[in-house]
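**Q** Sharing a structure, written as structure tokens. Questions coming.
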Amino acid sequence: MTYKIARDGQEFGPYSLADVQRYVGTGNILLTDFALAEGATEWIPVARVVGTIAVQPAALPAGYAAGAMPQFPEAPNLNWGLVLLLDFVTCGLFNIAWNFVQALWMKKVQPESKAMQWYIVILVIAALNILVSVVRVVTLMGNKGVEHGFTPLLGLTAFFGLASLILNWFVYPFVMRSSLLKHFNETDPIGLQLNGVMTFFFTSLYFQYHLNHINEMKRAYRPGNPY
């Protein structure tokens, strides 16, 4: 059975019972928060959930010590609206850099993620495409602007352009999405859900929106937080 947790009008989860008890033990979930069991319609205090149902220690995920939570670097926390503005002002250059920031963070918290490797491939292909384009322009200038049929340089430009398009729209976004879902549903479970269509069209902005929300949630659940 899973539970959704509510505090101050915000809902989080769903979490397994083991997750709820673990977060209560670390102070991330308060006994005064409210829980909604899967299939139920009534919200009840978390104290009633953890106080009436026992969980065997074996139910805890591997790698968790009793009463302790693994510490992960905070996700990139630049507001998604500001990311959009900077992307617009820089004609897309900031988005390239911010994708790298997100992929680098993903690699830190989930070393097996392939998002960083794919994004580096994208950057290398883009650099090669720029280099070939410059050489082609210089060649055209030397030939007085006349293109002699389908030259190898034109073919390379078309190849790199197509490869970049495929990796940017169909490979990297969904590798990153898969890594985020694995991290925030298995390693550091918070019940993250990511829509495939939104991932395709908005990628880094869509990821950043959720990362901002996750950071806010974790701060709210941080031990010693008075709110």
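Ordering of the structure tokens sets the chain letters (A, B, ...), residue numbers begin anew at 1 in every chain, and ligands are numbered from 1 in the order given.
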Enumerate, as an MDAnalysis selection string, the complete set of residues in region 9-182 of chain A that a backbone-based DSSP assignment places in strand (DSSP E or B).

**A** chainID A and resid 10:16 34:37 44:45

**Q** Residues near region 2-14 of chain A, anyone? I mean within 7 Å using only C-alpha atoms, not counting same-chain ones fewer than 5 positions away, as a ChimeraX atom specification.

**A** /A:33-38,190-191

**Q** May I have all residues of region 47-193 of chain A that DSSP, computed from the backbone, assigns to alpha helix (DSSP H), given as a VMD selection string?

**A** chain A and resid 47 to 50 80 to 89 93 to 109 115 to 142 152 to 166 172 to 182

**Q** How far is it from CA of Lys182 (chain A) to CA of Leu31 (chain A), in Å with one decimal?

**A**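 Atom-to-atom, CA of Lys182 (chain A) and CA of Leu31 (chain A) are spaced 27.5 Å apart.
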
**Q** Please provide as a count of residues only all residues within 6 Å of region 75-88 of chain A, with the sequence filter that same-chain residues fewer than 4 positions apart are discarded (counting only C-alpha atoms).

**A** 7

**Q** So how many Å separate CA of Pro73 (chain A) and CA of Phe202 (chain A), to one decimal?

**A** 24.0 Å

**Q** Choose the residue, out of A:Leu140, A:Val20, A:Val132, A:Phe184, that has the smallest atom-to-atom separation from Leu153 (chain A); count only C-alpha atoms.

**A** A:Val132

**Q** Please indicate the distance in Å from CA of Asn168 (chain A) to CA of Asn185 (chain A), rounded to one decimal place.

**A** 24.8 Å

**Q** Using only C-alpha atoms, determine which residues lie at most 12 Å from Leu181 (chain A), disregarding the query and same-chain residues fewer than 4 positions distant; provide the list as a ChimeraX atom specification.

**A** /A:106,110,113,174-177,185-196,207,210-211
